[in-house]
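Encoded as structure tokens, the structure appears first; notes follow it.
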Amino acid sequence: MAVTVLGIYVADLVLFGQKIPQAGETVLGNNFVVGPGGKGSNQAVAASKAGVKTHFISKIGDDQFGRMAIEMYDEAKVDYSNVSISEDYSTGAAAIMVDEVTGANAINVYPGASGAITKKDIDDAEPAIRNSKIFLTQLEAPKETVMYALKKASDLGVTTILNPAPAACIEKSVFPLVDYFTPNEIEASFYVNHQVETHDDTRRAAESLLDMGVKNVVITLGERGAFFASAHEAFFCPVATLKTPVVDTTGAGDAFNAGLAVALTENMSVQEAMAFASATAGLSTTKIGTAKAMPSREQIEASLRGE
């Protein structure tokens with residue numbers, strides 16, 4: 001079975017320095033890298049590298065950044081037959097500032113062509129969605145299109161994962177369409193109207209999200225791991241043990257979501273899926289970049305074995 005990902009592709013313009021500047025502050029950087037990005041694109045590449053057939057639905061411009069995307073999909077073996085090329089919009093871009101000391105990041109995204117994905121694009125991609133076990137999306141693409149796609153996938157009997165990033169208001173009728181809701185602690189705080197900082201906060205937030213109609217909740221907690229909750233069970237999953245240091249956390253959430261999608265596609269148990277997702281995310285932080293930092297299946301399995 002396959003995974004279908006809907007989302008945006010943008011070129012990442014990454015600046016590295018000793019700190020992330022505050023408003024009005026200038027900081028001299030130590031390095032600059034241009035690479036592929038966008039949550040959906042990152043997740044598609046990560047899922048494909050992690051071992052499953054992956055379809056990507058998006059839109060790019062007919063320009064240098066767009067050609068960079070196609071080259072990457074060819075290399076990662078992502079099916080991009082549902083990535084259309086716009087004649088009206090340029091490929092999007094993201095400015096990313098990375099703190100070299102902590103690995104923390106701050107990101108500003110311009111979706112470009114990806115911001116013009118339409119319902120027709122979703123209808124055109126229906127065969128890919130129908131033939132997938134998992135449909136994974138986020139909130140960077142036009143929200144109306146994302147909601148339309150979620151409903152279509154749900155109606156087709158495809159398991160849905162909504163990574164609500166960036167956090168945005170969602171109509172109550174959408175939550176029951178979501179099989180797995182995967183916010184980080186900041187995004188979870190947005191939906192439950194209280195801060196998610198402690199373990200008790202996390203449990204309370206998950207209960208609230210389940211009450212909204214979501215079937216399974218996964219709250220990612222950075223270096224504190226992740227929390228899973230459903231009507232039947234709830235548990236914390238620790239971060240993966242790494243043999244190399246963390247250098248860049250950009251894209252770790254995308255890696256986690258992709259790993260979760262792959263594991264669920266392969267019918268792993270929830271505990272196994274969370275561990276697989278955690279290993280995928282952890283390994284992605286040991287390299288600079290986003291899509292290029294996504295680990296291979298062999299690397300993920302070695303990490304799970306403690307190698």
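All residue names refer to the structure tokens as shown: chains lettered A, B, ... in order, residues numbered from 1 in each chain, ligands numbered from 1 in order.
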Show which residues sit within 8 Å of Thr182 of chain A, as an mmCIF file with N, CA and C atoms, in the first residue's frame. Count only C-alpha atoms, and ignore same-chain residues fewer than 6 positions away.
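Here's the written file around.cif:
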data_model
loop_
_atom_site.group_PDB
_atom_site.id
_atom_site.type_symbol
_atom_site.label_atom_id
_atom_site.label_comp_id
_atom_site.auth_asym_id
_atom_site.auth_seq_id
_atom_site.Cartn_x
_atom_site.Cartn_y
_atom_site.Cartn_z
ATOM 1 N N ILE A 161 -4.216 11.514 8.357
ATOM 2 C CA ILE A 161 -3.357 12.148 9.361
ATOM 3 C C ILE A 161 -3.342 13.640 9.060
ATOM 4 N N LEU A 162 -3.740 14.445 10.038
ATOM 5 C CA LEU A 162 -3.653 15.900 9.902
ATOM 6 C C LEU A 162 -2.594 16.414 10.861
ATOM 7 N N ASN A 163 -1.532 16.959 10.289
ATOM 8 C CA ASN A 163 -0.485 17.628 11.055
ATOM 9 C C ASN A 163 -0.838 19.119 11.037
ATOM 10 N N PRO A 164 -1.464 19.658 12.082
ATOM 11 C CA PRO A 164 -2.024 21.013 12.043
ATOM 12 C C PRO A 164 -0.956 22.089 12.197
ATOM 13 N N VAL A 217 -4.805 10.964 18.993
ATOM 14 C CA VAL A 217 -4.036 12.199 19.152
ATOM 15 C C VAL A 217 -2.577 11.847 19.399
ATOM 16 N N VAL A 218 -1.693 12.508 18.661
ATOM 17 C CA VAL A 218 -0.254 12.375 18.890
ATOM 18 C C VAL A 218 0.302 13.786 19.065
ATOM 19 N N ILE A 219 0.750 14.114 20.259
ATOM 20 C CA ILE A 219 1.327 15.432 20.528
ATOM 21 C C ILE A 219 2.838 15.276 20.613
ATOM 22 N N THR A 220 3.554 15.908 19.700
ATOM 23 C CA THR A 220 5.018 15.834 19.722
ATOM 24 C C THR A 220 5.553 16.893 20.684
ATOM 25 N N ASN A 257 6.053 12.774 11.363
ATOM 26 C CA ASN A 257 4.776 12.489 10.711
ATOM 27 C C ASN A 257 4.932 11.479 9.582
#
Using only C-alpha atoms, which protein or nucleic acid residues come within 7 Å of segment 269-280 of chain A? Drop anything in the same chain fewer than 3 positions from it, and give the result as a VMD selection string. chain A and resid 237 239 to 240 255 to 257 259 to 260 263 to 264 283 to 284 295 300 303 to 304
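We find atom CA of Ile8 of chain A and atom CA of Glu197 of chain A to be spaced 29.3 Å apart.
Candidate residues A:Arg67, A:Lys120, A:Lys59, A:Lys243 were compared for distance to Thr285 of chain A, and the nearest is A:Lys243, using only C-alpha atoms.
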Give me, as JSON, numbers by chain, the residues of segment 179-223 of chain A that a backbone DSSP run labels alpha helix (DSSP H). {"A": [185, 186, 187, 188, 189, 190, 191, 192, 199, 200, 201, 202, 203, 204, 205, 206, 207, 208, 209, 210, 211]}
N, CA and C atoms of the current selection, written as a PDB file, in the first residue's frame:
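Below is the file part.pdb, written as the result:
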ATOM      1  N   GLU A 185       3.481  20.770  20.837  1.00  0.00           N
ATOM      2  CA  GLU A 185       2.883  21.330  22.053  1.00  0.00           C
ATOM      3  C   GLU A 185       2.330  22.740  21.835  1.00  0.00           C
ATOM      4  N   ILE A 186       2.994  23.523  20.969  1.00  0.00           N
ATOM      5  CA  ILE A 186       2.512  24.882  20.698  1.00  0.00           C
ATOM      6  C   ILE A 186       1.197  24.832  19.926  1.00  0.00           C
ATOM      7  N   GLU A 187       1.133  23.983  18.934  1.00  0.00           N
ATOM      8  CA  GLU A 187      -0.092  23.843  18.136  1.00  0.00           C
ATOM      9  C   GLU A 187      -1.230  23.266  18.967  1.00  0.00           C
ATOM     10  N   ALA A 188      -0.906  22.294  19.824  1.00  0.00           N
ATOM     11  CA  ALA A 188      -1.930  21.731  20.700  1.00  0.00           C
ATOM     12  C   ALA A 188      -2.503  22.813  21.611  1.00  0.00           C
ATOM     13  N   SER A 189      -1.647  23.684  22.117  1.00  0.00           N
ATOM     14  CA  SER A 189      -2.101  24.788  22.981  1.00  0.00           C
ATOM     15  C   SER A 189      -3.121  25.652  22.266  1.00  0.00           C
ATOM     16  N   PHE A 190      -2.911  25.878  20.985  1.00  0.00           N
ATOM     17  CA  PHE A 190      -3.817  26.701  20.178  1.00  0.00           C
ATOM     18  C   PHE A 190      -5.224  26.103  20.147  1.00  0.00           C
ATOM     19  N   TYR A 191      -5.314  24.794  20.033  1.00  0.00           N
ATOM     20  CA  TYR A 191      -6.618  24.155  19.866  1.00  0.00           C
ATOM     21  C   TYR A 191      -7.353  23.918  21.179  1.00  0.00           C
ATOM     22  N   VAL A 192      -6.635  23.879  22.291  1.00  0.00           N
ATOM     23  CA  VAL A 192      -7.303  23.590  23.570  1.00  0.00           C
ATOM     24  C   VAL A 192      -7.357  24.805  24.495  1.00  0.00           C
ATOM     25  N   HIS A 199       3.431  17.183  31.676  1.00  0.00           N
ATOM     26  CA  HIS A 199       2.780  15.930  31.292  1.00  0.00           C
ATOM     27  C   HIS A 199       1.278  16.007  31.539  1.00  0.00           C
ATOM     28  N   ASP A 200       0.887  16.606  32.650  1.00  0.00           N
ATOM     29  CA  ASP A 200      -0.542  16.738  32.938  1.00  0.00           C
ATOM     30  C   ASP A 200      -1.228  17.616  31.893  1.00  0.00           C
ATOM     31  N   ASP A 201      -0.550  18.711  31.486  1.00  0.00           N
ATOM     32  CA  ASP A 201      -1.096  19.567  30.426  1.00  0.00           C
ATOM     33  C   ASP A 201      -1.320  18.766  29.146  1.00  0.00           C
ATOM     34  N   THR A 202      -0.353  17.917  28.834  1.00  0.00           N
ATOM     35  CA  THR A 202      -0.410  17.139  27.601  1.00  0.00           C
ATOM     36  C   THR A 202      -1.571  16.159  27.626  1.00  0.00           C
ATOM     37  N   ARG A 203      -1.732  15.473  28.750  1.00  0.00           N
ATOM     38  CA  ARG A 203      -2.840  14.527  28.871  1.00  0.00           C
ATOM     39  C   ARG A 203      -4.187  15.243  28.760  1.00  0.00           C
ATOM     40  N   ARG A 204      -4.286  16.391  29.406  1.00  0.00           N
ATOM     41  CA  ARG A 204      -5.538  17.144  29.382  1.00  0.00           C
ATOM     42  C   ARG A 204      -5.847  17.633  27.973  1.00  0.00           C
ATOM     43  N   ALA A 205      -4.814  18.083  27.263  1.00  0.00           N
ATOM     44  CA  ALA A 205      -5.002  18.553  25.891  1.00  0.00           C
ATOM     45  C   ALA A 205      -5.463  17.407  24.990  1.00  0.00           C
ATOM     46  N   ALA A 206      -4.848  16.246  25.144  1.00  0.00           N
ATOM     47  CA  ALA A 206      -5.232  15.095  24.331  1.00  0.00           C
ATOM     48  C   ALA A 206      -6.685  14.700  24.580  1.00  0.00           C
ATOM     49  N   GLU A 207      -7.103  14.732  25.836  1.00  0.00           N
ATOM     50  CA  GLU A 207      -8.492  14.403  26.162  1.00  0.00           C
ATOM     51  C   GLU A 207      -9.449  15.387  25.500  1.00  0.00           C
ATOM     52  N   SER A 208      -9.095  16.664  25.503  1.00  0.00           N
ATOM     53  CA  SER A 208      -9.941  17.675  24.879  1.00  0.00           C
ATOM     54  C   SER A 208     -10.054  17.446  23.375  1.00  0.00           C
ATOM     55  N   LEU A 209      -8.933  17.103  22.733  1.00  0.00           N
ATOM     56  CA  LEU A 209      -8.929  16.865  21.289  1.00  0.00           C
ATOM     57  C   LEU A 209      -9.741  15.617  20.935  1.00  0.00           C
ATOM     58  N   LEU A 210      -9.660  14.593  21.767  1.00  0.00           N
ATOM     59  CA  LEU A 210     -10.484  13.403  21.546  1.00  0.00           C
ATOM     60  C   LEU A 210     -11.968  13.745  21.660  1.00  0.00           C
ATOM     61  N   ASP A 211     -12.292  14.608  22.617  1.00  0.00           N
ATOM     62  CA  ASP A 211     -13.682  15.028  22.793  1.00  0.00           C
ATOM     63  C   ASP A 211     -14.204  15.790  21.569  1.00  0.00           C
TER      64      ASP A 211
END
Pull the closest atom pair for each residue of segment 70-151 of chain A that gets at most 10 Å from segment 23-37 of chain A, along with the distance in Å to one decimal, counting only C-alpha atoms, ordering rows by chain and then ascending residue number, as CSV.
residue,atom,partner,partner_atom,distance
A:Met72,CA,A:Pro36,CA,7.9
A:Gly92,CA,A:Gly37,CA,9.4
A:Ala93,CA,A:Gly37,CA,8.0
A:Ala94,CA,A:Gly37,CA,7.5
A:Ala95,CA,A:Val34,CA,9.7
A:Ile96,CA,A:Val33,CA,9.7
A:Met97,CA,A:Gly29,CA,9.1
A:Val98,CA,A:Gly29,CA,9.4
A:Asp99,CA,A:Gly29,CA,9.6
A:Glu100,CA,A:Asn30,CA,8.9
A:Val109,CA,A:Gly37,CA,9.8
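Going from atom CA of Lys119 of chain A to atom CA of Thr145 of chain A covers 5.4 Å.
Shortest atom-to-atom contact with Gly289 of chain A among A:Pro21, A:Pro238, A:Gly213, A:Gly38: A:Gly38, counting only C-alpha atoms.
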Point out the residue among A:Val78, A:Ala46, A:Met68, A:Val246 with the least atom-to-atom distance to Asp12 of chain A, counting only C-alpha atoms. A:Met68
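For the set A:Ser90, A:Thr102, A:Ser58, A:Thr4, the residue with the smallest atom-to-atom gap to Thr249 of chain A is A:Thr102, counting only C-alpha atoms.
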Selection: 9 Å around Met212 of chain A, only C-alpha atoms, excl. self and same-chain fewer than 5 positions, as a compact mmCIF listing (two decimals) with C-alpha atoms, in the first residue's frame:
# COMPACT_ATOMS: atom_id res chain seq x y z
CA LYS A 172 -15.83 21.45 14.30
CA PHE A 175 -12.25 16.86 13.52
CA PRO A 176 -14.26 13.62 13.09
CA GLU A 207 -8.49 14.40 26.16
Counting only C-alpha atoms, what is within 10 Å of Val5 of chain A, bar same-chain residues fewer than 5 positions away, as a PyMOL selection string? chain A and resi 39-45+47+54-58+128-129+132+134-138+161+258+261
When you count only C-alpha atoms, which of these residues is closest to Asn216 of chain A: A:Leu177, A:Ile170, A:Ile20, A:Ala141? A:Leu177
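Closest approach to Thr241 of chain A among A:Val214, A:Ala69, A:Ala281, A:Val83 is made by A:Ala281 (distances from only C-alpha atoms).
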